[in-house]
Protein chains: 2
Amino acid sequence: MTRKPPTMADVAKAAGVSPMTVSRAFKRDASVSEATRSVILQTAETLGYVFDATASNLRSQRSDFVAVTVPSLNNANFAETVRGLTEGLRPAGLQILLGYTDYDMDEEERLIDQFLRRRPEAIVVTGGRHTPRARRLLEHAGIAVMETWDLPDAPIGHVIGFSNAEAVRSMVDHFVARGLTRLAFIGGDAARDTRGTDRRRGFIAALETYGLDPTRLVDAGTPPISMAEGAAAMALLLQRFPETQAVICVSDLSAFGALTECQRRGIAVPGAMEIAGFGNYDVASVCVPALSTIDPHPRRIGAETARLILSLREMPSPPQTISIAPTLILRGSTS
Amino acid sequence: MTRKPPTMADVAKAAGVSPMTVSRAFKRDASVSEATRSVILQTAETLGYVFDATASNLRSQRSDFVAVTVPSLNNANFAETVRGLTEGLRPAGLQILLGYTDYDMDEEERLIDQFLRRRPEAIVVTGGRHTPRARRLLEHAGIAVMETWDLPDAPIGHVIGFSNAEAVRSMVDHFVARGLTRLAFIGGDAARDTRGTDRRRGFIAALETYGLDPTRLVDAGTPPISMAEGAAAMALLLQRFPETQAVICVSDLSAFGALTECQRRGIAVPGAMEIAGFGNYDVASVCVPALSTIDPHPRRIGAETARLILSLREMPSPPQTISIAPTLILRGSTS
DNA sequence: ATGAAAGCGCTAACAG
DNA sequence: CTGTTAGCGCTTTCAT
């Protein structure tokens with residue numbers, strides 16, 4: 001019934017050529033006469049031949065894979081980065097091997113270990129903090145390592161990112177410029193989400209620069225904190241720090257949750273409370289009032305990473321750091 | 001500088017055993033004495049050996065890949081399905097090869113073509129409509145084909161899904177039971193999003209059953225329609241069909257956008273207008289008022305698909321259809 | 001432009 | 001429990 005699938009040798013025999021010619025016919029630029037090529041491709045189609053990338057990879061020692069790990073699939077920001085990567089790498093015939101870590105460094109290590117076995121041409125990770133073993137694996141992988149969404153102190157290889165702390169500082173500046181001084185920060189449990197932690201640190205550092213009280217910090221569950229957790233955090237904030245004038249949330253999702261909690265309680269935003277988020281998610285521009293936020297240009301992070309990977313294939317270079325400046329977006333929630 | 005990475009043969013030599021023993025030491029159940037295994041693993045670690053999955057796959061003719069195509073990465077529903085799949089397949093050591101089609105059947109075909117070259121053990125696609133060539137490729141792939149998120153008329157292989165049309169009918173029932181008769185539907189451009197089209201068809205069919213006017217249909221852009229497009233669609237709806245009492249949106253995202261448009265115009269929801277969505281996204285439960293919706297149990301779709309894939313590896317079976325009944329969730333927006 | 005030979009790194013199959 | 005032999009399907013290399 002299910003007889004063995006045809007190989008190049010079968011196609012070669014049927015087309016009356018050598019396997020090598022079939023191989024060439026399946027490549028873009030290889031030197032095969034157009035006549036021969038079309039006969040071969042036709043024959044292959046008829047036989048139902050499917051090219052075996054595994055064998056090709058083994059022999060040529062090139063996998064055409066780029067491994068990518070992101071904290072979460074269900075996140076517009078990371079999805080945009082992956083999109084930028086995919087679109088940038090597709091023209092070169094590179095396929096993405098995508099995995100998500102659930103914001104867990106041990107899971108990241110496991111994924112990196114798995115992925116390296118597939119011999120990717122490059123590996124893209126999110127953030128600059130990893131388990132010691134993950135770090136070691138990446139350092140010795142012998143391929144391009146790209147750390148994104150961060151500016152690590154000690155990069156492993158190339159970096160395409162931004163300073164989460166500095167980004168939040170720009171939002172603090174905005175509030176201070178408007179005369180608001182009693183500011184708060186809503187985030188998640190520290191250890192897991194390193195970028196979230198960096199944002200909180202940026203908040204604290206910025207407030208200290210201004211001589212303001214940096215202790216209005218509310219944690220709400222395990223990162224990535226959800227809209228619902230953002231709402232719960234706002235409830236907690238109103239109870240613990242009722243004097244708060246404005247709050248910066250670790251992401252637009254929690255910011256939106258916080259906003260809805262104000263709506264449920266009849267607290268005017270802006271007016272009685274101002275709210276800012278991070279990430280420039282769809283919800284931030286659509287909700288009422290629209291949320292001020294910071295756009296980290298996730299698509300560009302992916303696109304630049306892809307560009308660098310391709311450029312490194314042409315000509316290897318020492319580790320580079322590409323900084324992508326986030327953009328402050330001011331909207332009704334911080335009128 | 002970068003000398004050739006070590007192979008199993010190198011590890012074998014260093015550990016004083018044969019390559020075959022090294023191979024066995026890297027497998028779970030293979031019969032190797034614990035002493036030998038630990039020596040080998042230790043040696044491998046020291047040499048910085050990384051297992052070559054490509055060579056393993058070629059020789060064993062098993063890739064440990066399961067290919068998965070979803071319409072979009074940035075979608076909580078599909079992300080949940082992928083999560084269900086990942087978690088279900090991980091214990092078996094199967095890795096997911098994930099691609100997104102951007103709701104484009106030609107892109108799906110391209111992806112399927114690419115993925116089949118990697119010799120996956122099974123392929124999971126979203127929906128039951130494909131290009132003719134994609135269909136042919138899947139039919140002749142010689143591996144388990146799983147169609148999800150739909151109940152196709154002519155399945156290629158196994159099916160894990162639900163009827164989008166029936167799901168929407170249950171929401172129509174709810175409105176009619178509450179005495180609302182002037183109902184509308186907000187969706188996207190028909191051709192691309194086949195599940196969205198099915199939902200619209202379900203809406204029309206249900207209204208016809210009740211003898212109601214099924215012509216209040218508003219299109220808003222190219223699927224997947226965004227929150228902003230949902231808002232624009234509501235504006236259009238209010239202009240074209242001002243008598244509308246309730247609207248069902250193709251997803252919670254457009255439903256939320258529609259809700260915000262009502263908020264901007266001071267239209268009371270519920271009261272002057274009732275709104276329902278689809279998908280049970282986070283935003284639907286958090287926004288004010290919370291949105292009635294339909295939960296298609298995306299995680300379970302993924303989990304059941306994984307379960308079936310594993311079961312088929314044990315014992316092949318004729319094509320199965322697993323139906324996952326969606327759940328109607330009633331909230332404040334349709335009080 | 002095409003072909004022949006060899007081998008990528010691993011493991012199935014068989015032996016002991 | 002461990003080893004030997006052969007070969008997975010392709011492409012590198014070297015011919016012609």
# chains A, B, ... in the order shown; residues from 1 in each chain; ligands from 1
call {"tool": "calpha_fit_and_write", "arguments": {"fixed": "chain A", "moving": "chain B", "output": "mmCIF file with C-alpha atoms, in the first residue's frame"}}
result
data_model
loop_
_atom_site.group_PDB
_atom_site.id
_atom_site.type_symbol
_atom_site.label_atom_id
_atom_site.label_comp_id
_atom_site.auth_asym_id
_atom_site.auth_seq_id
_atom_site.Cartn_x
_atom_site.Cartn_y
_atom_site.Cartn_z
ATOM 1 C CA MET B 1 0.217 -0.240 -0.109
ATOM 2 C CA THR B 2 2.368 2.626 1.119
ATOM 3 C CA ARG B 3 5.492 1.850 -0.831
ATOM 4 C CA LYS B 4 8.707 3.653 -0.159
ATOM 5 C CA PRO B 5 8.653 7.278 -1.222
ATOM 6 C CA PRO B 6 10.773 8.087 -4.276
ATOM 7 C CA THR B 7 14.281 9.474 -3.890
ATOM 8 C CA MET B 8 16.389 11.569 -6.177
ATOM 9 C CA ALA B 9 17.798 8.365 -7.614
ATOM 10 C CA ASP B 10 14.309 7.317 -8.650
ATOM 11 C CA VAL B 11 13.665 10.664 -10.267
ATOM 12 C CA ALA B 12 17.043 10.487 -11.997
ATOM 13 C CA LYS B 13 16.328 7.060 -13.421
ATOM 14 C CA ALA B 14 12.864 8.067 -14.606
ATOM 15 C CA ALA B 15 14.189 11.241 -16.197
ATOM 16 C CA GLY B 16 17.212 9.529 -17.700
ATOM 17 C CA VAL B 17 19.807 11.663 -15.962
ATOM 18 C CA SER B 18 22.165 11.296 -13.033
ATOM 19 C CA PRO B 19 21.132 12.000 -9.459
ATOM 20 C CA MET B 20 23.540 14.929 -9.432
ATOM 21 C CA THR B 21 21.641 16.604 -12.215
ATOM 22 C CA VAL B 22 18.409 16.154 -10.338
ATOM 23 C CA SER B 23 20.034 17.720 -7.324
ATOM 24 C CA ARG B 24 21.111 20.674 -9.408
ATOM 25 C CA ALA B 25 17.696 21.025 -10.957
ATOM 26 C CA PHE B 26 16.247 21.556 -7.498
ATOM 27 C CA LYS B 27 18.626 24.396 -6.693
ATOM 28 C CA ARG B 28 18.092 27.982 -7.718
ATOM 29 C CA ASP B 29 21.272 28.945 -9.454
ATOM 30 C CA ALA B 30 22.836 25.629 -10.351
ATOM 31 C CA SER B 31 23.859 25.195 -13.945
ATOM 32 C CA VAL B 32 21.364 22.929 -15.621
ATOM 33 C CA SER B 33 19.854 23.521 -19.029
ATOM 34 C CA GLU B 34 16.302 24.787 -18.815
ATOM 35 C CA ALA B 35 15.129 21.867 -20.903
ATOM 36 C CA THR B 36 16.653 19.294 -18.584
ATOM 37 C CA ARG B 37 15.418 21.093 -15.512
ATOM 38 C CA SER B 38 11.822 21.218 -16.649
ATOM 39 C CA VAL B 39 11.886 17.531 -17.568
ATOM 40 C CA ILE B 40 13.265 16.690 -14.166
ATOM 41 C CA LEU B 41 10.811 18.832 -12.240
ATOM 42 C CA GLN B 42 7.980 17.393 -14.279
ATOM 43 C CA THR B 43 9.156 13.857 -13.588
ATOM 44 C CA ALA B 44 9.509 14.615 -9.895
ATOM 45 C CA GLU B 45 5.984 16.005 -9.747
ATOM 46 C CA THR B 46 4.623 12.923 -11.474
ATOM 47 C CA LEU B 47 6.382 10.544 -9.137
ATOM 48 C CA GLY B 48 5.285 12.574 -6.150
ATOM 49 C CA TYR B 49 8.890 13.157 -5.178
ATOM 50 C CA VAL B 50 9.473 15.342 -2.130
ATOM 51 C CA PHE B 51 12.923 16.764 -1.598
ATOM 52 C CA ASP B 52 14.571 15.438 1.546
ATOM 53 C CA ALA B 53 15.943 18.413 3.424
ATOM 54 C CA THR B 54 17.414 16.195 6.132
ATOM 55 C CA ALA B 55 19.773 14.402 3.783
ATOM 56 C CA SER B 56 20.616 17.637 2.073
ATOM 57 C CA ASN B 57 21.445 19.275 5.368
ATOM 58 C CA LEU B 58 23.636 16.453 6.519
ATOM 59 C CA ARG B 59 25.657 16.335 3.374
ATOM 60 C CA SER B 60 26.001 20.058 2.845
ATOM 61 C CA GLN B 61 26.423 20.827 6.534
ATOM 62 C CA ARG B 62 23.938 23.652 6.251
ATOM 63 C CA SER B 63 20.580 23.375 7.899
ATOM 64 C CA ASP B 64 18.846 26.495 6.570
ATOM 65 C CA PHE B 65 17.420 26.840 10.058
ATOM 66 C CA VAL B 66 17.546 29.865 12.265
ATOM 67 C CA ALA B 67 16.546 29.031 15.828
ATOM 68 C CA VAL B 68 14.490 31.597 17.690
ATOM 69 C CA THR B 69 13.315 31.594 21.288
ATOM 70 C CA VAL B 70 10.769 34.069 22.577
ATOM 71 C CA PRO B 71 9.207 34.268 26.031
ATOM 72 C CA SER B 72 5.685 33.810 24.727
ATOM 73 C CA LEU B 73 3.901 33.173 21.470
ATOM 74 C CA ASN B 74 0.776 34.941 22.541
ATOM 75 C CA ASN B 75 2.256 38.381 22.679
ATOM 76 C CA ALA B 76 1.838 40.942 19.964
ATOM 77 C CA ASN B 77 5.303 42.354 20.549
ATOM 78 C CA PHE B 78 7.215 39.115 20.185
ATOM 79 C CA ALA B 79 4.952 38.002 17.373
ATOM 80 C CA GLU B 80 5.940 41.148 15.524
ATOM 81 C CA THR B 81 9.612 40.454 16.107
ATOM 82 C CA VAL B 82 9.150 36.944 14.741
ATOM 83 C CA ARG B 83 7.350 38.396 11.763
ATOM 84 C CA GLY B 84 10.208 40.768 11.088
ATOM 85 C CA LEU B 85 12.600 37.853 11.316
ATOM 86 C CA THR B 86 10.552 35.567 9.111
ATOM 87 C CA GLU B 87 10.117 38.132 6.392
ATOM 88 C CA GLY B 88 13.746 39.118 6.508
ATOM 89 C CA LEU B 89 15.028 35.562 6.348
ATOM 90 C CA ARG B 90 12.622 34.076 3.851
ATOM 91 C CA PRO B 91 14.289 35.501 0.733
ATOM 92 C CA ALA B 92 17.460 33.693 1.780
ATOM 93 C CA GLY B 93 15.558 30.436 2.135
ATOM 94 C CA LEU B 94 16.089 30.302 5.879
ATOM 95 C CA GLN B 95 13.424 28.677 7.964
ATOM 96 C CA ILE B 96 12.661 29.609 11.541
ATOM 97 C CA LEU B 97 12.723 27.060 14.307
ATOM 98 C CA LEU B 98 10.552 28.789 16.858
ATOM 99 C CA GLY B 99 10.183 28.001 20.526
ATOM 100 C CA TYR B 100 8.733 29.779 23.522
ATOM 101 C CA THR B 101 10.193 29.742 26.985
ATOM 102 C CA ASP B 102 7.182 30.819 29.031
ATOM 103 C CA TYR B 103 9.459 33.415 30.625
ATOM 104 C CA ASP B 104 11.424 30.605 32.211
ATOM 105 C CA MET B 105 15.207 30.507 31.945
ATOM 106 C CA ASP B 106 15.398 26.774 32.556
ATOM 107 C CA GLU B 107 12.949 26.207 29.767
ATOM 108 C CA GLU B 108 15.063 28.502 27.614
ATOM 109 C CA GLU B 109 18.088 26.356 28.363
ATOM 110 C CA ARG B 110 16.197 23.232 27.418
ATOM 111 C CA LEU B 111 15.077 24.810 24.161
ATOM 112 C CA ILE B 112 18.538 26.066 23.268
ATOM 113 C CA ASP B 113 19.915 22.607 23.888
ATOM 114 C CA GLN B 114 17.277 21.062 21.640
ATOM 115 C CA PHE B 115 17.677 23.645 18.930
ATOM 116 C CA LEU B 116 21.463 23.445 18.723
ATOM 117 C CA ARG B 117 21.124 19.767 17.853
ATOM 118 C CA ARG B 118 19.426 20.820 14.654
ATOM 119 C CA ARG B 119 22.551 22.740 13.664
ATOM 120 C CA PRO B 120 20.930 26.114 13.031
ATOM 121 C CA GLU B 121 22.899 28.737 11.142
ATOM 122 C CA ALA B 122 22.180 31.300 13.824
ATOM 123 C CA ILE B 123 20.282 31.490 17.078
ATOM 124 C CA VAL B 124 18.156 34.379 18.248
ATOM 125 C CA VAL B 125 17.234 34.664 21.901
ATOM 126 C CA THR B 126 15.154 37.207 23.749
ATOM 127 C CA GLY B 127 16.924 39.101 26.479
ATOM 128 C CA GLY B 128 20.414 39.031 27.827
ATOM 129 C CA ARG B 129 20.059 36.840 30.884
ATOM 130 C CA HIS B 130 20.379 33.085 30.703
ATOM 131 C CA THR B 131 21.261 30.119 32.867
ATOM 132 C CA PRO B 132 25.007 29.448 33.124
ATOM 133 C CA ARG B 133 24.685 26.336 30.998
ATOM 134 C CA ALA B 134 22.584 28.102 28.381
ATOM 135 C CA ARG B 135 25.260 30.783 28.218
ATOM 136 C CA ARG B 136 27.963 28.183 27.800
ATOM 137 C CA LEU B 137 26.027 26.400 25.083
ATOM 138 C CA LEU B 138 25.566 29.634 23.180
ATOM 139 C CA GLU B 139 29.177 30.696 23.582
ATOM 140 C CA HIS B 140 30.452 27.418 22.171
ATOM 141 C CA ALA B 141 27.809 26.914 19.539
ATOM 142 C CA GLY B 142 30.061 28.187 16.800
ATOM 143 C CA ILE B 143 27.207 30.083 15.173
ATOM 144 C CA ALA B 144 25.961 33.635 15.282
ATOM 145 C CA VAL B 145 24.196 34.389 18.565
ATOM 146 C CA MET B 146 21.752 37.276 18.595
ATOM 147 C CA GLU B 147 20.374 38.679 21.843
ATOM 148 C CA THR B 148 17.344 40.886 21.361
ATOM 149 C CA TRP B 149 14.989 43.144 23.294
ATOM 150 C CA ASP B 150 17.679 44.208 25.691
ATOM 151 C CA LEU B 151 21.142 45.731 25.947
ATOM 152 C CA PRO B 152 23.001 43.133 28.029
ATOM 153 C CA ASP B 153 25.983 44.169 30.114
ATOM 154 C CA ALA B 154 27.990 41.203 28.879
ATOM 155 C CA PRO B 155 26.652 40.210 25.474
ATOM 156 C CA ILE B 156 27.364 36.723 24.200
ATOM 157 C CA GLY B 157 27.446 37.824 20.600
ATOM 158 C CA HIS B 158 25.410 40.337 18.653
ATOM 159 C CA VAL B 159 22.756 42.514 20.216
ATOM 160 C CA ILE B 160 19.653 44.078 18.711
ATOM 161 C CA GLY B 161 17.739 45.861 21.414
ATOM 162 C CA PHE B 162 17.142 48.816 23.639
ATOM 163 C CA SER B 163 17.367 49.816 27.263
ATOM 164 C CA ASN B 164 14.139 48.958 29.025
ATOM 165 C CA ALA B 165 15.166 51.139 31.936
ATOM 166 C CA GLU B 166 15.788 54.184 29.742
ATOM 167 C CA ALA B 167 12.492 53.690 27.963
ATOM 168 C CA VAL B 168 10.581 53.897 31.226
ATOM 169 C CA ARG B 169 12.619 56.911 32.270
ATOM 170 C CA SER B 170 11.250 58.810 29.300
ATOM 171 C CA MET B 171 7.720 58.180 30.549
ATOM 172 C CA VAL B 172 8.663 59.340 34.028
ATOM 173 C CA ASP B 173 10.105 62.488 32.472
ATOM 174 C CA HIS B 174 6.788 63.116 30.810
ATOM 175 C CA PHE B 175 4.862 62.868 34.067
ATOM 176 C CA VAL B 176 7.307 65.038 35.958
ATOM 177 C CA ALA B 177 7.227 67.643 33.212
ATOM 178 C CA ARG B 178 3.469 67.806 33.681
ATOM 179 C CA GLY B 179 3.916 68.418 37.381
ATOM 180 C CA LEU B 180 2.904 64.996 38.652
ATOM 181 C CA THR B 181 5.110 63.782 41.487
ATOM 182 C CA ARG B 182 3.303 60.922 43.228
ATOM 183 C CA LEU B 183 4.020 58.161 40.747
ATOM 184 C CA ALA B 184 3.567 54.397 41.018
ATOM 185 C CA PHE B 185 4.651 51.318 39.090
ATOM 186 C CA ILE B 186 2.667 48.157 38.441
ATOM 187 C CA GLY B 187 4.641 45.090 37.488
ATOM 188 C CA GLY B 188 4.986 41.408 38.089
ATOM 189 C CA ASP B 189 6.974 39.159 40.285
ATOM 190 C CA ALA B 190 10.577 40.201 39.857
ATOM 191 C CA ALA B 191 12.601 37.108 39.089
ATOM 192 C CA ARG B 192 10.964 35.818 35.939
ATOM 193 C CA ASP B 193 10.500 38.677 33.547
ATOM 194 C CA THR B 194 13.908 40.263 33.310
ATOM 195 C CA ARG B 195 12.779 42.990 30.948
ATOM 196 C CA GLY B 196 9.937 43.841 33.304
ATOM 197 C CA THR B 197 12.431 44.009 36.133
ATOM 198 C CA ASP B 198 14.580 46.348 34.106
ATOM 199 C CA ARG B 199 11.591 48.585 33.541
ATOM 200 C CA ARG B 200 10.884 48.712 37.247
ATOM 201 C CA ARG B 201 14.525 49.512 37.947
ATOM 202 C CA GLY B 202 14.355 52.288 35.385
ATOM 203 C CA PHE B 203 11.300 53.662 37.136
ATOM 204 C CA ILE B 204 13.012 53.668 40.511
ATOM 205 C CA ALA B 205 16.206 55.184 39.162
ATOM 206 C CA ALA B 206 14.331 57.941 37.354
ATOM 207 C CA LEU B 207 12.330 58.859 40.431
ATOM 208 C CA GLU B 208 15.479 58.990 42.499
ATOM 209 C CA THR B 209 17.003 61.353 39.956
ATOM 210 C CA TYR B 210 14.101 63.693 40.562
ATOM 211 C CA GLY B 211 14.197 63.209 44.319
ATOM 212 C CA LEU B 212 10.740 61.628 44.271
ATOM 213 C CA ASP B 213 9.447 58.747 46.362
ATOM 214 C CA PRO B 214 10.154 55.567 44.385
ATOM 215 C CA THR B 215 8.454 53.131 46.723
ATOM 216 C CA ARG B 216 4.976 52.987 45.225
ATOM 217 C CA LEU B 217 5.502 49.588 43.642
ATOM 218 C CA VAL B 218 2.741 47.057 43.215
ATOM 219 C CA ASP B 219 3.328 43.474 42.132
ATOM 220 C CA ALA B 220 0.589 41.468 40.535
ATOM 221 C CA GLY B 221 1.238 37.833 39.930
ATOM 222 C CA THR B 222 3.636 35.976 37.751
ATOM 223 C CA PRO B 223 4.846 37.624 34.554
ATOM 224 C CA PRO B 224 3.639 38.106 31.982
ATOM 225 C CA ILE B 225 0.951 39.821 34.006
ATOM 226 C CA SER B 226 -2.438 39.755 32.419
ATOM 227 C CA MET B 227 -5.126 42.354 31.964
ATOM 228 C CA ALA B 228 -6.966 40.864 34.917
ATOM 229 C CA GLU B 229 -3.870 41.051 37.066
ATOM 230 C CA GLY B 230 -3.433 44.655 36.024
ATOM 231 C CA ALA B 231 -6.932 45.335 37.283
ATOM 232 C CA ALA B 232 -6.190 43.608 40.576
ATOM 233 C CA ALA B 233 -2.984 45.593 40.887
ATOM 234 C CA MET B 234 -4.855 48.854 40.429
ATOM 235 C CA ALA B 235 -7.245 47.841 43.199
ATOM 236 C CA LEU B 236 -4.266 47.186 45.438
ATOM 237 C CA LEU B 237 -2.616 50.440 44.437
ATOM 238 C CA LEU B 238 -5.704 52.481 45.281
ATOM 239 C CA GLN B 239 -5.795 50.873 48.663
ATOM 240 C CA ARG B 240 -2.120 51.104 49.533
ATOM 241 C CA PHE B 241 -1.147 54.364 47.872
ATOM 242 C CA PRO B 242 -4.374 56.358 47.445
ATOM 243 C CA GLU B 243 -2.405 59.545 46.936
ATOM 244 C CA THR B 244 -1.000 58.252 43.615
ATOM 245 C CA GLN B 245 -1.436 60.633 40.694
ATOM 246 C CA ALA B 246 -0.102 58.470 37.878
ATOM 247 C CA VAL B 247 0.960 54.888 37.316
ATOM 248 C CA ILE B 248 3.288 53.295 34.815
ATOM 249 C CA CYS B 249 2.493 49.672 34.064
ATOM 250 C CA VAL B 250 4.966 47.060 32.872
ATOM 251 C CA SER B 251 2.873 46.533 29.750
ATOM 252 C CA ASP B 252 -0.174 47.871 27.964
ATOM 253 C CA LEU B 253 -2.081 44.763 28.926
ATOM 254 C CA SER B 254 -1.818 45.405 32.640
ATOM 255 C CA ALA B 255 -2.317 49.114 31.953
ATOM 256 C CA PHE B 256 -5.588 48.359 30.234
ATOM 257 C CA GLY B 257 -6.657 46.170 33.129
ATOM 258 C CA ALA B 258 -5.802 48.992 35.503
ATOM 259 C CA LEU B 259 -7.835 51.381 33.394
ATOM 260 C CA THR B 260 -10.877 49.138 33.518
ATOM 261 C CA GLU B 261 -10.603 48.913 37.282
ATOM 262 C CA CYS B 262 -10.782 52.700 37.421
ATOM 263 C CA GLN B 263 -13.800 52.610 35.127
ATOM 264 C CA ARG B 264 -15.540 50.112 37.380
ATOM 265 C CA ARG B 265 -14.905 52.370 40.364
ATOM 266 C CA GLY B 266 -15.831 55.580 38.631
ATOM 267 C CA ILE B 267 -12.338 57.007 38.914
ATOM 268 C CA ALA B 268 -11.708 59.462 36.108
ATOM 269 C CA VAL B 269 -8.770 58.684 33.831
ATOM 270 C CA PRO B 270 -7.156 61.100 33.298
ATOM 271 C CA GLY B 271 -8.203 63.495 36.024
ATOM 272 C CA ALA B 272 -8.156 61.468 39.157
ATOM 273 C CA MET B 273 -5.561 59.030 37.841
ATOM 274 C CA GLU B 274 -3.268 58.854 34.857
ATOM 275 C CA ILE B 275 -2.080 55.564 33.360
ATOM 276 C CA ALA B 276 0.709 54.631 30.997
ATOM 277 C CA GLY B 277 1.718 51.261 29.580
ATOM 278 C CA PHE B 278 4.453 49.730 27.496
ATOM 279 C CA GLY B 279 4.521 48.000 24.144
ATOM 280 C CA ASN B 280 2.076 49.940 21.997
ATOM 281 C CA TYR B 281 -0.337 47.025 21.771
ATOM 282 C CA ASP B 282 -3.524 47.413 19.733
ATOM 283 C CA VAL B 283 -5.678 47.721 22.800
ATOM 284 C CA ALA B 284 -3.785 50.821 23.932
ATOM 285 C CA SER B 285 -4.746 52.852 20.898
ATOM 286 C CA VAL B 286 -8.362 51.684 20.768
ATOM 287 C CA CYS B 287 -9.505 51.817 24.398
ATOM 288 C CA VAL B 288 -11.205 54.867 25.918
ATOM 289 C CA PRO B 289 -9.249 56.851 26.841
ATOM 290 C CA ALA B 290 -6.366 55.664 24.681
ATOM 291 C CA LEU B 291 -3.287 54.718 26.676
ATOM 292 C CA SER B 292 0.023 56.491 26.561
ATOM 293 C CA THR B 293 2.716 53.952 25.941
ATOM 294 C CA ILE B 294 6.182 53.231 24.640
ATOM 295 C CA ASP B 295 6.706 51.625 21.259
ATOM 296 C CA PRO B 296 9.789 49.391 21.277
ATOM 297 C CA HIS B 297 9.502 48.804 17.519
ATOM 298 C CA PRO B 298 9.350 45.021 17.764
ATOM 299 C CA ARG B 299 9.038 44.482 14.025
ATOM 300 C CA ARG B 300 12.199 46.461 13.445
ATOM 301 C CA ILE B 301 14.032 44.418 16.041
ATOM 302 C CA GLY B 302 13.193 41.312 14.059
ATOM 303 C CA ALA B 303 13.979 42.897 10.722
ATOM 304 C CA GLU B 304 17.342 44.235 11.891
ATOM 305 C CA THR B 305 18.212 40.876 13.400
ATOM 306 C CA ALA B 306 17.423 39.164 10.117
ATOM 307 C CA ARG B 307 19.435 41.723 8.209
ATOM 308 C CA LEU B 308 22.423 41.178 10.448
ATOM 309 C CA ILE B 309 22.184 37.397 10.204
ATOM 310 C CA LEU B 310 22.227 37.595 6.423
ATOM 311 C CA SER B 311 25.070 40.073 6.427
ATOM 312 C CA LEU B 312 27.090 37.800 8.704
ATOM 313 C CA ARG B 313 26.675 34.949 6.255
ATOM 314 C CA GLU B 314 28.288 37.086 3.603
ATOM 315 C CA MET B 315 31.002 38.421 5.808
ATOM 316 C CA PRO B 316 31.579 37.461 9.439
ATOM 317 C CA SER B 317 32.178 40.378 11.736
ATOM 318 C CA PRO B 318 32.961 40.949 15.403
ATOM 319 C CA PRO B 319 29.972 41.194 17.762
ATOM 320 C CA GLN B 320 27.808 44.178 16.966
ATOM 321 C CA THR B 321 25.263 46.033 19.055
ATOM 322 C CA ILE B 322 22.369 47.592 17.218
ATOM 323 C CA SER B 323 20.369 49.950 19.352
ATOM 324 C CA ILE B 324 16.733 50.560 18.449
ATOM 325 C CA ALA B 325 15.417 53.615 20.235
ATOM 326 C CA PRO B 326 11.898 53.178 21.633
ATOM 327 C CA THR B 327 9.360 55.909 20.934
ATOM 328 C CA LEU B 328 7.237 57.630 23.536
ATOM 329 C CA ILE B 329 3.588 57.764 22.490
ATOM 330 C CA LEU B 330 1.360 60.163 24.406
ATOM 331 C CA ARG B 331 -2.376 59.671 24.403
ATOM 332 C CA GLY B 332 -5.488 60.558 26.352
ATOM 333 C CA SER B 333 -4.750 58.526 29.464
ATOM 334 C CA THR B 334 -2.006 60.987 30.379
ATOM 335 C CA SER B 335 -3.525 64.029 28.720
#
call {"tool": "interface_residues", "arguments": {"of": "chain C", "to": "chain B", "cutoff": "10 Å", "atoms": "only C-alpha atoms (C1' of nucleotides)", "output": "mmCIF file with C-alpha atoms (C1' of nucleotides), in the first residue's frame"}}
result
data_model
loop_
_atom_site.group_PDB
_atom_site.id
_atom_site.type_symbol
_atom_site.label_atom_id
_atom_site.label_comp_id
_atom_site.auth_asym_id
_atom_site.auth_seq_id
_atom_site.Cartn_x
_atom_site.Cartn_y
_atom_site.Cartn_z
ATOM 1 C "C1'" DC C 8 28.273 13.862 5.862
ATOM 2 C "C1'" DG C 9 27.178 11.634 11.320
ATOM 3 C "C1'" DC C 10 24.461 8.760 12.936
ATOM 4 C "C1'" DT C 11 21.847 4.146 13.946
ATOM 5 C "C1'" DA C 12 19.339 -0.374 12.126
#
call {"tool": "select_by_dssp", "arguments": {"residues": "range 127-268 of chain B", "states": "strand (DSSP E or B)", "output": "ChimeraX atom specification"}}
result
/B:144-148,158-161,183-187,217-219,246-249
call {"tool": "write_last_selection", "arguments": {"atoms": "C-alpha atoms", "output": "mmCIF file, in the first residue's frame"}}
result
data_model
loop_
_atom_site.group_PDB
_atom_site.id
_atom_site.type_symbol
_atom_site.label_atom_id
_atom_site.label_comp_id
_atom_site.auth_asym_id
_atom_site.auth_seq_id
_atom_site.Cartn_x
_atom_site.Cartn_y
_atom_site.Cartn_z
ATOM 1 C CA ALA B 144 -0.891 11.836 9.770
ATOM 2 C CA VAL B 145 -2.737 14.971 8.666
ATOM 3 C CA MET B 146 -4.710 16.838 11.299
ATOM 4 C CA GLU B 147 -7.174 19.573 10.368
ATOM 5 C CA THR B 148 -8.200 21.732 13.296
ATOM 6 C CA HIS B 158 -8.109 13.499 11.083
ATOM 7 C CA VAL B 159 -10.164 16.392 12.360
ATOM 8 C CA ILE B 160 -10.137 18.138 15.720
ATOM 9 C CA GLY B 161 -12.554 21.020 15.629
ATOM 10 C CA LEU B 183 -29.448 41.686 14.760
ATOM 11 C CA ALA B 184 -26.270 42.516 12.847
ATOM 12 C CA PHE B 185 -22.946 40.849 12.116
ATOM 13 C CA ILE B 186 -19.526 42.463 11.900
ATOM 14 C CA GLY B 187 -16.862 40.536 10.057
ATOM 15 C CA LEU B 217 -23.821 42.606 7.579
ATOM 16 C CA VAL B 218 -20.884 44.947 7.901
ATOM 17 C CA ASP B 219 -17.429 44.180 6.549
ATOM 18 C CA ALA B 246 -27.487 43.701 18.932
ATOM 19 C CA VAL B 247 -24.381 42.796 16.981
ATOM 20 C CA ILE B 248 -22.308 39.650 16.827
ATOM 21 C CA CYS B 249 -18.692 40.235 15.878
#
